[in-house]
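With mmCIF, C-alpha atoms inside, this is run.cif:
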data_coords
loop_
_atom_site.group_PDB
_atom_site.id
_atom_site.type_symbol
_atom_site.label_atom_id
_atom_site.label_comp_id
_atom_site.auth_asym_id
_atom_site.auth_seq_id
_atom_site.Cartn_x
_atom_site.Cartn_y
_atom_site.Cartn_z
ATOM 1 C CA MET H 1 0.000 0.000 0.000
ATOM 2 C CA VAL H 2 2.977 2.339 0.586
ATOM 3 C CA THR H 3 4.166 2.024 -3.029
ATOM 4 C CA PRO H 4 0.970 3.468 -4.631
ATOM 5 C CA VAL H 5 1.725 6.708 -2.794
ATOM 6 C CA SER H 6 4.727 7.188 -5.068
ATOM 7 C CA THR H 7 2.522 7.029 -8.147
ATOM 8 C CA ILE H 8 0.639 10.184 -7.142
ATOM 9 C CA PRO H 9 3.594 12.576 -7.542
ATOM 10 C CA LYS H 10 4.801 10.641 -10.585
ATOM 11 C CA ASN H 11 1.498 10.911 -12.428
ATOM 12 C CA GLU H 12 0.240 14.247 -11.120
ATOM 13 C CA ARG H 13 3.439 16.297 -10.828
ATOM 14 C CA GLU H 14 2.413 18.881 -13.427
ATOM 15 C CA LEU H 15 -0.918 19.553 -11.678
ATOM 16 C CA ILE H 16 0.878 19.755 -8.336
ATOM 17 C CA CYS H 17 3.421 22.245 -9.690
ATOM 18 C CA ASP H 18 0.685 24.354 -11.298
ATOM 19 C CA ALA H 19 -1.381 24.415 -8.080
ATOM 20 C CA LEU H 20 1.507 25.576 -5.887
ATOM 21 C CA GLN H 21 2.514 28.133 -8.513
ATOM 22 C CA LYS H 22 -1.008 29.531 -8.437
ATOM 23 C CA ASP H 23 -1.254 29.567 -4.627
ATOM 24 C CA PHE H 24 2.025 31.318 -3.807
ATOM 25 C CA GLY H 25 4.311 31.213 -6.806
ATOM 26 C CA LYS H 26 6.392 28.284 -5.626
ATOM 27 C CA PRO H 27 9.031 27.632 -8.318
ATOM 28 C CA LYS H 28 8.605 24.404 -10.252
ATOM 29 C CA THR H 29 12.181 23.291 -9.600
ATOM 30 C CA GLU H 30 11.657 23.689 -5.865
ATOM 31 C CA VAL H 31 8.443 21.633 -5.992
ATOM 32 C CA LEU H 32 10.031 18.839 -8.011
ATOM 33 C CA MET H 33 13.103 18.607 -5.791
ATOM 34 C CA GLY H 34 11.661 19.364 -2.363
ATOM 35 C CA GLU H 35 8.237 17.749 -2.610
ATOM 36 C CA VAL H 36 7.642 15.447 -5.574
ATOM 37 C CA GLY H 37 11.057 13.780 -5.521
ATOM 38 C CA CYS H 38 11.117 13.421 -1.739
ATOM 39 C CA VAL H 39 7.709 11.727 -1.601
ATOM 40 C CA ILE H 40 8.691 9.232 -4.307
ATOM 41 C CA LYS H 41 12.000 8.436 -2.628
ATOM 42 C CA ARG H 42 10.569 8.032 0.874
ATOM 43 C CA SER H 43 7.573 5.960 -0.185
ATOM 44 C CA VAL H 44 9.755 3.527 -2.144
ATOM 45 C CA LYS H 45 12.268 3.315 0.709
ATOM 46 C CA SER H 46 9.483 2.698 3.220
ATOM 47 C CA ALA H 47 8.067 -0.107 1.077
ATOM 48 C CA GLU H 48 11.498 -1.737 0.971
ATOM 49 C CA GLN H 49 11.975 -1.508 4.740
ATOM 50 C CA LEU H 50 8.410 -2.424 5.727
ATOM 51 C CA PRO H 51 9.063 -6.169 6.213
ATOM 52 C CA GLN H 52 11.861 -5.345 8.657
ATOM 53 C CA TRP H 53 9.737 -2.802 10.534
ATOM 54 C CA ALA H 54 6.905 -5.326 10.903
ATOM 55 C CA GLU H 55 9.072 -8.066 12.387
ATOM 56 C CA THR H 56 8.406 -9.151 15.957
ATOM 57 C CA GLU H 57 11.132 -7.954 18.306
ATOM 58 C CA TYR H 58 12.620 -9.861 21.231
ATOM 59 C CA PRO H 59 14.117 -7.241 23.542
ATOM 60 C CA ASN H 60 16.434 -8.197 26.364
ATOM 61 C CA VAL H 61 14.831 -7.455 29.708
ATOM 62 C CA ALA H 62 16.984 -7.742 32.803
ATOM 63 C CA ASP H 63 15.889 -10.181 35.526
ATOM 64 C CA ASN H 64 13.000 -11.477 33.434
ATOM 65 C CA ARG H 65 12.489 -15.264 33.447
ATOM 66 C CA THR H 66 10.150 -15.268 30.438
ATOM 67 C CA ARG H 67 10.895 -14.450 26.832
ATOM 68 C CA VAL H 68 9.573 -10.979 25.977
ATOM 69 C CA ARG H 69 8.035 -10.402 22.574
ATOM 70 C CA MET H 70 7.120 -7.062 21.023
ATOM 71 C CA TYR H 71 4.434 -7.363 18.368
ATOM 72 C CA LYS H 72 3.676 -4.575 15.870
ATOM 73 C CA ALA H 73 0.004 -3.640 15.538
ATOM 74 C CA PRO H 74 -1.875 -0.709 13.937
ATOM 75 C CA ARG H 75 -2.703 2.041 16.397
ATOM 76 C CA GLY H 76 -5.898 3.235 14.691
ATOM 77 C CA THR H 77 -6.888 6.328 12.706
ATOM 78 C CA ALA H 78 -4.453 9.227 12.504
ATOM 79 C CA LEU H 79 -5.249 12.900 11.933
ATOM 80 C CA ILE H 80 -2.567 14.638 9.846
ATOM 81 C CA ILE H 81 -2.713 18.444 9.781
ATOM 82 C CA SER H 82 -0.205 19.928 7.344
ATOM 83 C CA PRO H 83 0.990 23.516 6.722
ATOM 84 C CA TRP H 84 1.051 25.621 3.582
ATOM 85 C CA ASN H 85 4.793 25.941 2.919
ATOM 86 C CA CYS H 86 5.529 22.323 1.880
ATOM 87 C CA PRO H 87 2.005 20.912 1.742
ATOM 88 C CA MET H 88 2.797 17.761 -0.187
ATOM 89 C CA ILE H 89 5.810 16.354 1.650
ATOM 90 C CA LEU H 90 4.485 17.441 5.063
ATOM 91 C CA SER H 91 1.198 15.621 4.531
ATOM 92 C CA PHE H 92 2.493 12.555 2.697
ATOM 93 C CA GLN H 93 5.530 11.963 4.891
ATOM 94 C CA PRO H 94 3.415 11.181 7.992
ATOM 95 C CA LEU H 95 0.849 9.455 5.765
ATOM 96 C CA ILE H 96 3.524 7.041 4.549
ATOM 97 C CA GLY H 97 4.271 6.205 8.176
ATOM 98 C CA ALA H 98 0.581 5.705 8.924
ATOM 99 C CA ILE H 99 0.131 3.380 5.946
ATOM 100 C CA ALA H 100 3.270 1.423 6.834
ATOM 101 C CA ALA H 101 1.882 0.942 10.351
ATOM 102 C CA GLY H 102 -1.448 -0.300 8.986
ATOM 103 C CA CYS H 103 -3.338 2.773 10.174
ATOM 104 C CA THR H 104 -6.120 4.675 8.455
ATOM 105 C CA ALA H 105 -5.768 8.464 8.217
ATOM 106 C CA ILE H 106 -7.461 11.790 7.612
ATOM 107 C CA LEU H 107 -5.466 14.483 5.800
ATOM 108 C CA LYS H 108 -6.250 18.117 6.639
ATOM 109 C CA PRO H 109 -4.270 20.410 4.287
ATOM 110 C CA SER H 110 -3.900 24.133 4.896
ATOM 111 C CA GLU H 111 -6.642 26.508 3.791
ATOM 112 C CA LEU H 112 -3.912 29.019 2.838
ATOM 113 C CA VAL H 113 -3.166 26.980 -0.307
ATOM 114 C CA PRO H 114 -6.725 26.481 -1.626
ATOM 115 C CA THR H 115 -5.779 25.370 -5.144
ATOM 116 C CA PHE H 116 -3.465 22.661 -3.889
ATOM 117 C CA SER H 117 -5.866 21.549 -1.154
ATOM 118 C CA GLN H 118 -8.716 21.201 -3.635
ATOM 119 C CA LEU H 119 -6.458 19.273 -5.996
ATOM 120 C CA TRP H 120 -5.488 16.981 -3.118
ATOM 121 C CA GLU H 121 -9.126 16.274 -2.361
ATOM 122 C CA GLU H 122 -9.712 15.337 -5.998
ATOM 123 C CA ILE H 123 -6.689 13.157 -6.768
ATOM 124 C CA VAL H 124 -6.053 11.271 -3.507
ATOM 125 C CA PRO H 125 -9.245 9.129 -3.863
ATOM 126 C CA LYS H 126 -8.063 8.076 -7.329
ATOM 127 C CA TYR H 127 -5.074 6.291 -5.798
ATOM 128 C CA LEU H 128 -6.056 5.458 -2.219
ATOM 129 C CA ASP H 129 -9.245 3.858 -0.874
ATOM 130 C CA PRO H 130 -11.468 6.794 0.266
ATOM 131 C CA ASN H 131 -12.930 4.590 2.992
ATOM 132 C CA THR H 132 -9.442 4.327 4.472
ATOM 133 C CA TYR H 133 -7.664 7.577 3.585
ATOM 134 C CA ARG H 134 -9.570 10.796 3.078
ATOM 135 C CA VAL H 135 -8.863 14.516 2.612
ATOM 136 C CA VAL H 136 -10.916 17.020 4.626
ATOM 137 C CA ASN H 137 -10.738 20.641 3.494
ATOM 138 C CA GLY H 138 -11.772 23.761 5.346
ATOM 139 C CA ALA H 139 -10.488 26.391 7.741
ATOM 140 C CA VAL H 140 -10.795 26.931 11.506
ATOM 141 C CA PRO H 141 -14.388 25.614 11.929
ATOM 142 C CA GLU H 142 -13.623 22.357 10.122
ATOM 143 C CA THR H 143 -10.342 21.830 11.970
ATOM 144 C CA SER H 144 -12.022 22.574 15.302
ATOM 145 C CA LYS H 145 -14.679 19.964 14.532
ATOM 146 C CA LEU H 146 -12.017 17.391 13.701
ATOM 147 C CA LEU H 147 -10.268 18.100 17.008
ATOM 148 C CA GLU H 148 -13.459 17.292 18.898
ATOM 149 C CA LEU H 149 -13.153 13.677 17.729
ATOM 150 C CA GLN H 150 -10.951 10.996 19.237
ATOM 151 C CA TRP H 151 -7.921 9.941 17.204
ATOM 152 C CA ALA H 152 -5.339 7.242 17.697
ATOM 153 C CA HIS H 153 -2.648 9.801 16.863
ATOM 154 C CA ILE H 154 -2.437 13.436 15.759
ATOM 155 C CA PHE H 155 0.452 14.699 13.630
ATOM 156 C CA TYR H 156 0.709 18.485 13.238
ATOM 157 C CA THR H 157 3.313 20.574 11.465
ATOM 158 C CA GLY H 158 3.129 24.345 11.871
ATOM 159 C CA ASN H 159 3.414 27.125 14.432
ATOM 160 C CA GLY H 160 3.335 27.188 18.204
ATOM 161 C CA ARG H 161 0.078 29.132 18.496
ATOM 162 C CA VAL H 162 -1.968 26.506 16.665
ATOM 163 C CA ALA H 163 0.030 23.723 18.314
ATOM 164 C CA ARG H 164 -1.191 24.863 21.735
ATOM 165 C CA ILE H 165 -4.802 24.603 20.543
ATOM 166 C CA ILE H 166 -4.210 21.123 19.144
ATOM 167 C CA ALA H 167 -2.359 19.972 22.267
ATOM 168 C CA SER H 168 -5.202 21.223 24.478
ATOM 169 C CA ALA H 169 -7.769 19.347 22.370
ATOM 170 C CA ALA H 170 -5.676 16.176 22.466
ATOM 171 C CA ALA H 171 -5.298 16.409 26.240
ATOM 172 C CA LYS H 172 -9.065 16.128 26.749
ATOM 173 C CA HIS H 173 -8.992 12.563 25.438
ATOM 174 C CA LEU H 174 -5.338 11.800 26.328
ATOM 175 C CA MET H 175 -4.632 11.407 22.615
ATOM 176 C CA PRO H 176 -0.980 10.922 21.620
ATOM 177 C CA LEU H 177 0.318 13.573 19.258
ATOM 178 C CA MET H 178 3.437 14.704 17.486
ATOM 179 C CA LEU H 179 4.166 18.404 16.984
ATOM 180 C CA GLU H 180 6.726 19.502 14.417
ATOM 181 C CA LEU H 181 7.084 23.227 15.001
ATOM 182 C CA GLY H 182 9.108 26.025 13.459
ATOM 183 C CA GLY H 183 11.576 28.201 15.356
ATOM 184 C CA LYS H 184 14.516 30.511 14.950
ATOM 185 C CA SER H 185 17.252 29.518 12.506
ATOM 186 C CA PRO H 186 20.368 31.655 12.931
ATOM 187 C CA VAL H 187 23.473 31.432 10.792
ATOM 188 C CA ILE H 188 26.735 31.865 12.700
ATOM 189 C CA ILE H 189 29.682 32.777 10.477
ATOM 190 C CA ASP H 190 33.158 32.280 11.873
ATOM 191 C CA SER H 191 35.556 35.087 11.052
ATOM 192 C CA ALA H 192 37.945 32.586 9.439
ATOM 193 C CA TYR H 193 35.263 31.248 7.072
ATOM 194 C CA ASP H 194 35.001 32.231 3.395
ATOM 195 C CA ILE H 195 32.635 35.240 3.639
ATOM 196 C CA ASP H 196 31.917 35.318 -0.081
ATOM 197 C CA LEU H 197 30.915 31.650 -0.124
ATOM 198 C CA ALA H 198 28.667 32.131 2.911
ATOM 199 C CA ALA H 199 26.954 35.103 1.243
ATOM 200 C CA LYS H 200 26.314 32.965 -1.833
ATOM 201 C CA ARG H 201 24.824 30.022 0.066
ATOM 202 C CA ILE H 202 22.684 31.770 2.696
ATOM 203 C CA PRO H 203 20.202 33.553 0.348
ATOM 204 C CA ASP H 204 19.665 30.342 -1.604
ATOM 205 C CA VAL H 205 18.213 28.690 1.509
ATOM 206 C CA ALA H 206 16.711 31.823 3.052
ATOM 207 C CA SER H 207 14.487 32.375 0.018
ATOM 208 C CA CYS H 208 12.731 29.045 0.608
ATOM 209 C CA ASN H 209 9.590 28.989 2.744
ATOM 210 C CA ILE H 210 10.842 26.265 5.074
ATOM 211 C CA CYS H 211 11.171 26.177 8.864
ATOM 212 C CA VAL H 212 14.959 25.895 8.796
ATOM 213 C CA ALA H 213 15.453 28.843 6.437
ATOM 214 C CA PRO H 214 17.865 31.281 8.143
ATOM 215 C CA ASP H 215 16.251 34.489 9.337
ATOM 216 C CA TYR H 216 19.242 36.225 10.873
ATOM 217 C CA VAL H 217 23.036 36.091 10.757
ATOM 218 C CA LEU H 218 25.582 36.470 13.547
ATOM 219 C CA ILE H 219 29.056 37.609 12.522
ATOM 220 C CA GLN H 220 31.898 39.607 14.014
ATOM 221 C CA GLN H 221 31.446 43.352 13.685
ATOM 222 C CA ASP H 222 34.629 43.869 11.672
ATOM 223 C CA LYS H 223 33.353 41.387 9.052
ATOM 224 C CA GLN H 224 29.923 42.936 8.545
ATOM 225 C CA ASP H 225 30.856 45.284 5.724
ATOM 226 C CA GLU H 226 32.486 42.459 3.792
ATOM 227 C CA LEU H 227 29.400 40.256 4.258
ATOM 228 C CA VAL H 228 26.974 42.996 3.176
ATOM 229 C CA LYS H 229 29.038 43.690 0.054
ATOM 230 C CA ALA H 230 29.067 39.973 -0.792
ATOM 231 C CA PHE H 231 25.307 39.680 -0.208
ATOM 232 C CA ARG H 232 24.657 42.522 -2.647
ATOM 233 C CA LYS H 233 26.955 40.978 -5.252
ATOM 234 C CA HIS H 234 25.284 37.582 -5.163
ATOM 235 C CA TYR H 235 21.766 39.017 -5.009
ATOM 236 C CA ASN H 236 22.427 40.947 -8.219
ATOM 237 C CA ALA H 237 23.908 37.796 -9.774
ATOM 238 C CA PHE H 238 20.889 35.687 -8.784
ATOM 239 C CA PHE H 239 18.333 38.309 -9.806
ATOM 240 C CA PRO H 240 19.847 40.754 -12.340
ATOM 241 C CA LYS H 241 16.374 42.206 -13.036
ATOM 242 C CA GLY H 242 15.237 42.018 -9.416
ATOM 243 C CA ALA H 243 13.467 39.221 -7.557
ATOM 244 C CA LEU H 244 9.865 40.415 -7.877
ATOM 245 C CA ASP H 245 9.449 39.324 -11.496
ATOM 246 C CA SER H 246 11.684 36.274 -11.324
ATOM 247 C CA PRO H 247 10.014 32.862 -11.880
ATOM 248 C CA LEU H 248 12.554 31.448 -9.421
ATOM 249 C CA PHE H 249 11.258 33.514 -6.508
ATOM 250 C CA GLY H 250 7.932 32.758 -4.849
ATOM 251 C CA ARG H 251 5.278 35.050 -3.385
ATOM 252 C CA ILE H 252 4.038 35.494 0.180
ATOM 253 C CA VAL H 253 1.218 33.047 0.844
ATOM 254 C CA SER H 254 -1.449 35.451 2.159
ATOM 255 C CA ASP H 255 -2.272 39.133 2.606
ATOM 256 C CA GLN H 256 -1.908 38.744 6.376
ATOM 257 C CA HIS H 257 1.572 37.252 6.077
ATOM 258 C CA HIS H 258 2.591 39.959 3.602
ATOM 259 C CA LYS H 259 1.359 42.702 5.932
ATOM 260 C CA CYS H 260 3.227 41.180 8.867
ATOM 261 C CA LEU H 261 6.527 41.003 6.974
ATOM 262 C CA THR H 262 6.342 44.508 5.523
ATOM 263 C CA SER H 263 5.446 45.822 8.984
ATOM 264 C CA LEU H 264 8.496 44.148 10.512
ATOM 265 C CA LEU H 265 10.700 45.657 7.825
ATOM 266 C CA SER H 266 9.255 49.154 8.315
ATOM 267 C CA ARG H 267 9.763 48.956 12.096
ATOM 268 C CA THR H 268 13.315 47.646 12.067
ATOM 269 C CA LYS H 269 15.770 49.505 14.295
ATOM 270 C CA GLY H 270 18.662 48.412 12.155
ATOM 271 C CA GLU H 271 20.226 49.924 9.063
ATOM 272 C CA VAL H 272 18.555 48.595 5.909
ATOM 273 C CA VAL H 273 21.479 47.735 3.638
ATOM 274 C CA LEU H 274 19.469 45.781 1.066
ATOM 275 C CA GLN H 275 16.062 47.301 0.460
ATOM 276 C CA GLY H 276 13.180 44.879 0.067
ATOM 277 C CA HIS H 277 10.645 45.963 -2.559
ATOM 278 C CA ALA H 278 6.994 45.073 -1.981
ATOM 279 C CA ASP H 279 4.016 44.644 -4.263
ATOM 280 C CA THR H 280 0.925 44.358 -2.080
ATOM 281 C CA ALA H 281 -1.452 43.459 -4.905
ATOM 282 C CA ARG H 282 0.627 40.437 -5.908
ATOM 283 C CA ARG H 283 1.816 39.650 -2.350
ATOM 284 C CA ASP H 284 5.412 40.002 -3.522
ATOM 285 C CA LEU H 285 8.353 40.952 -1.322
ATOM 286 C CA SER H 286 11.952 40.870 -2.500
ATOM 287 C CA PRO H 287 14.843 40.005 -0.132
ATOM 288 C CA ALA H 288 15.769 42.617 2.446
ATOM 289 C CA LEU H 289 18.761 42.895 4.751
ATOM 290 C CA SER H 290 18.950 44.943 7.939
ATOM 291 C CA ARG H 291 22.194 45.406 9.851
ATOM 292 C CA MET H 292 22.444 45.916 13.607
ATOM 293 C CA LEU H 293 25.613 46.486 15.602
ATOM 294 C CA ARG H 294 25.716 44.832 19.010
ATOM 295 C CA THR H 295 28.513 44.100 21.415
ATOM 296 C CA ALA H 296 28.546 40.707 23.099
ATOM 297 C CA THR H 297 30.801 39.491 25.880
ATOM 298 C CA LEU H 298 31.588 35.801 26.113
ATOM 299 C CA CYS H 299 32.164 34.561 29.654
#
Do you think you could lay out the structure here as structure tokens?
Amino acid sequence: MVTPVSTIPKNERELICDALQKDFGKPKTEVLMGEVGCVIKRSVKSAEQLPQWAETEYPNVADNRTRVRMYKAPRGTALIISPWNCPMILSFQPLIGAIAAGCTAILKPSELVPTFSQLWEEIVPKYLDPNTYRVVNGAVPETSKLLELQWAHIFYTGNGRVARIIASAAAKHLMPLMLELGGKSPVIIDSAYDIDLAAKRIPDVASCNICVAPDYVLIQQDKQDELVKAFRKHYNAFFPKGALDSPLFGRIVSDQHHKCLTSLLSRTKGEVVLQGHADTARRDLSPALSRMLRTATLC
């Protein structure tokens, strides 16, 4: 059953790429590498390893006179709530685990990517039994209703605010859950490191809407000017006509997110050394860089 999951991205990759392009301009190359390819690879690998995972284990238990056996059995129905930034891999990755464990599952994709979520609801039943695996679309009311039900396991990827709501709902029924949450992702550059190479690599990852994308850089004060100069050089090399009209640079997913980011940039107390240009109508925002000088003492 795990292997059919790999046929979805194989057969539907063009529709998947088009949907994510429409929702927030996610570049096709990024979708193929970070979502489609990953799902195929992990589903095939899981199918290969499934016999080993399903084997009965005989753990060694100290001072036990009987032979202990650990049997593998399905836990039940899982609820998988995925975010908008990588909606395919972050819904199918836990789904692959659920299928491998013999569990049924409900997929709840993010309402912030409506084109993709609707596509998911249409194509998943073509490959997986809808009585066993189903997509439920909607926003807060629908998710709240799902959280009123009892689940064998809840898997949520997203932010801490929503995670607290989900954890509170799970606690009412003592439901096990797994929370994969975002956080801060600093880059620390040693003064002896190649500054030009760092400035080339950091924007490539920072431009991706993923939880480990770096959002700030720590570097010695006497190296800041060199880093800023290198950032500008590589930005102009990556986007000679600017990032806003580049097909390799995505958009902000919603008006609320766009407003939040532009507000942060307008309120920065640092020196803006790379100006981010915004287009509110298209929810576009090009890379911006703000520099702050701080003195730290290491004890």
>> I'd like to see the residues matched by the PyMOL selection byres ((chain H and resi 131-145) around 7) on this file, and ideally I'd get them as a VMD selection string.
In response: chain H and resid 104 to 109 111 117 121 128 to 130 146 to 148
>> Using all atoms listed in the file and a cutoff of 10 Å, can you tell me which residues are near (14.2, -12.1, 22.7) in the file's coordinates, and write them out as a ChimeraX atom specification?
In response: /H:56-61,66-70
Taking the file as shown, what set of residues would the PyMOL selection byres ((chain H and resi 184-197) around 8) give back, as a PDB file with C-alpha atoms, keeping the file's coordinate frame?
ATOM      1  CA  GLY H 182       9.108  26.025  13.459  1.00  0.00           C
ATOM      2  CA  GLY H 183      11.576  28.201  15.356  1.00  0.00           C
ATOM      3  CA  ALA H 198      28.667  32.131   2.911  1.00  0.00           C
ATOM      4  CA  ALA H 199      26.954  35.103   1.243  1.00  0.00           C
ATOM      5  CA  LYS H 200      26.314  32.965  -1.833  1.00  0.00           C
ATOM      6  CA  ARG H 201      24.824  30.022   0.066  1.00  0.00           C
ATOM      7  CA  CYS H 211      11.171  26.177   8.864  1.00  0.00           C
ATOM      8  CA  VAL H 212      14.959  25.895   8.796  1.00  0.00           C
ATOM      9  CA  ALA H 213      15.453  28.843   6.437  1.00  0.00           C
ATOM     10  CA  PRO H 214      17.865  31.281   8.143  1.00  0.00           C
ATOM     11  CA  ASP H 215      16.251  34.489   9.337  1.00  0.00           C
ATOM     12  CA  TYR H 216      19.242  36.225  10.873  1.00  0.00           C
ATOM     13  CA  VAL H 217      23.036  36.091  10.757  1.00  0.00           C
ATOM     14  CA  LEU H 218      25.582  36.470  13.547  1.00  0.00           C
ATOM     15  CA  ILE H 219      29.056  37.609  12.522  1.00  0.00           C
ATOM     16  CA  GLN H 220      31.898  39.607  14.014  1.00  0.00           C
ATOM     17  CA  LYS H 223      33.353  41.387   9.052  1.00  0.00           C
ATOM     18  CA  GLU H 226      32.486  42.459   3.792  1.00  0.00           C
ATOM     19  CA  LEU H 227      29.400  40.256   4.258  1.00  0.00           C
ATOM     20  CA  ALA H 230      29.067  39.973  -0.792  1.00  0.00           C
ATOM     21  CA  PHE H 231      25.307  39.680  -0.208  1.00  0.00           C
TER      22      PHE H 231
END
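Closest approach to H:Tyr127 among H:Thr7, H:Ser82, H:Ser254, H:Thr262: H:Thr7, based on only C-alpha atoms.
Residues of protein, DNA and RNA with at least one atom no farther than 10 Å from (7.4, 0.4, -1.7) are, using only C-alpha atoms, Met1, Val2, Thr3, Pro4, Val5, Ser6, Ile40, Lys41, Arg42, Ser43, Val44, Lys45, Ser46, Ala47, Glu48, Gln49, Leu50, Ile96 and Ala100 of chain H.
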Apply the PyMOL selection byres ((chain H and resi 152) around 10) to the structure shown and report the selected residues as a compact mmCIF listing (two decimals) with C-alpha atoms, keeping the file's coordinate frame.
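What landed in part-v4.txt:
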# COMPACT_ATOMS: atom_id res chain seq x y z
CA PRO H 74 -1.88 -0.71 13.94
CA ARG H 75 -2.70 2.04 16.40
CA GLY H 76 -5.90 3.24 14.69
CA THR H 77 -6.89 6.33 12.71
CA ALA H 78 -4.45 9.23 12.50
CA LEU H 79 -5.25 12.90 11.93
CA CYS H 103 -3.34 2.77 10.17
CA THR H 104 -6.12 4.68 8.46
CA ALA H 105 -5.77 8.46 8.22
CA GLN H 150 -10.95 11.00 19.24
CA TRP H 151 -7.92 9.94 17.20
CA HIS H 153 -2.65 9.80 16.86
CA ILE H 154 -2.44 13.44 15.76
CA LEU H 174 -5.34 11.80 26.33
CA MET H 175 -4.63 11.41 22.62
CA PRO H 176 -0.98 10.92 21.62
CA LEU H 177 0.32 13.57 19.26
Proximity of stretch 214-278 of chain H to stretch 9-21 of chain H: per-residue shortest pair, 12 Å limit, only C-alpha atoms, as JSON lines:
{"residue": "H:Pro247", "atom": "CA", "partner": "H:Gln21", "partner_atom": "CA", "distance": 9.5}
{"residue": "H:Leu248", "atom": "CA", "partner": "H:Gln21", "partner_atom": "CA", "distance": 10.6}
{"residue": "H:Phe249", "atom": "CA", "partner": "H:Gln21", "partner_atom": "CA", "distance": 10.5}
{"residue": "H:Gly250", "atom": "CA", "partner": "H:Gln21", "partner_atom": "CA", "distance": 8.0}
{"residue": "H:Arg251", "atom": "CA", "partner": "H:Gln21", "partner_atom": "CA", "distance": 9.0}
{"residue": "H:Ile252", "atom": "CA", "partner": "H:Gln21", "partner_atom": "CA", "distance": 11.5}
{"residue": "H:Val253", "atom": "CA", "partner": "H:Leu20", "partner_atom": "CA", "distance": 10.1}
Write out as JSON lines a residue-level contact list of stretch 53-144 of chain H versus stretch 203-209 of chain H with cut-off 12 Å: for each qualifying residue the closest pair of atoms and the distance in Å to one decimal, counting all atoms listed in the file, rows sorted by chain and residue number upward.
{"residue": "H:Pro83", "atom": "CA", "partner": "H:Asn209", "partner_atom": "CA", "distance": 10.9}
{"residue": "H:Trp84", "atom": "CA", "partner": "H:Asn209", "partner_atom": "CA", "distance": 9.2}
{"residue": "H:Asn85", "atom": "CA", "partner": "H:Asn209", "partner_atom": "CA", "distance": 5.7}
{"residue": "H:Cys86", "atom": "CA", "partner": "H:Asn209", "partner_atom": "CA", "distance": 7.9}
{"residue": "H:Pro87", "atom": "CA", "partner": "H:Asn209", "partner_atom": "CA", "distance": 11.1}
>> Report, in Å with one decimal, the straight-line distance from atom CA of H:Val273 to atom CA of H:Arg291.
In response: 6.7 Å
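Each of H:Val228, H:Gln256, H:Phe239, H:Asp245 was compared to H:Leu289 using only C-alpha atoms, and H:Val228 turns out to be the nearest.
Among the candidates H:Ser286, H:Phe92, H:Glu271, H:Arg232, the residue lying nearest to H:His258 is H:Ser286 (atoms considered: only C-alpha atoms).
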Given 8 Å of margin on each side, can you work out the centre and size in Å (one decimal) of an axis-aligned box holding every listed atom of stretch 238-244 of chain H, as AutoDock Vina command-line options?
--center_x 15.4 --center_y 38.9 --center_z -10.3 --size_x 27.0 --size_y 22.5 --size_z 21.5
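The gap separating atom CA of H:Cys260 from atom CA of H:Arg161 is 15.7 Å, in Å to one decimal.
With atom CA of H:Ala170 on one side and atom CA of H:Leu149 on the other, the separation reads 9.2 Å.
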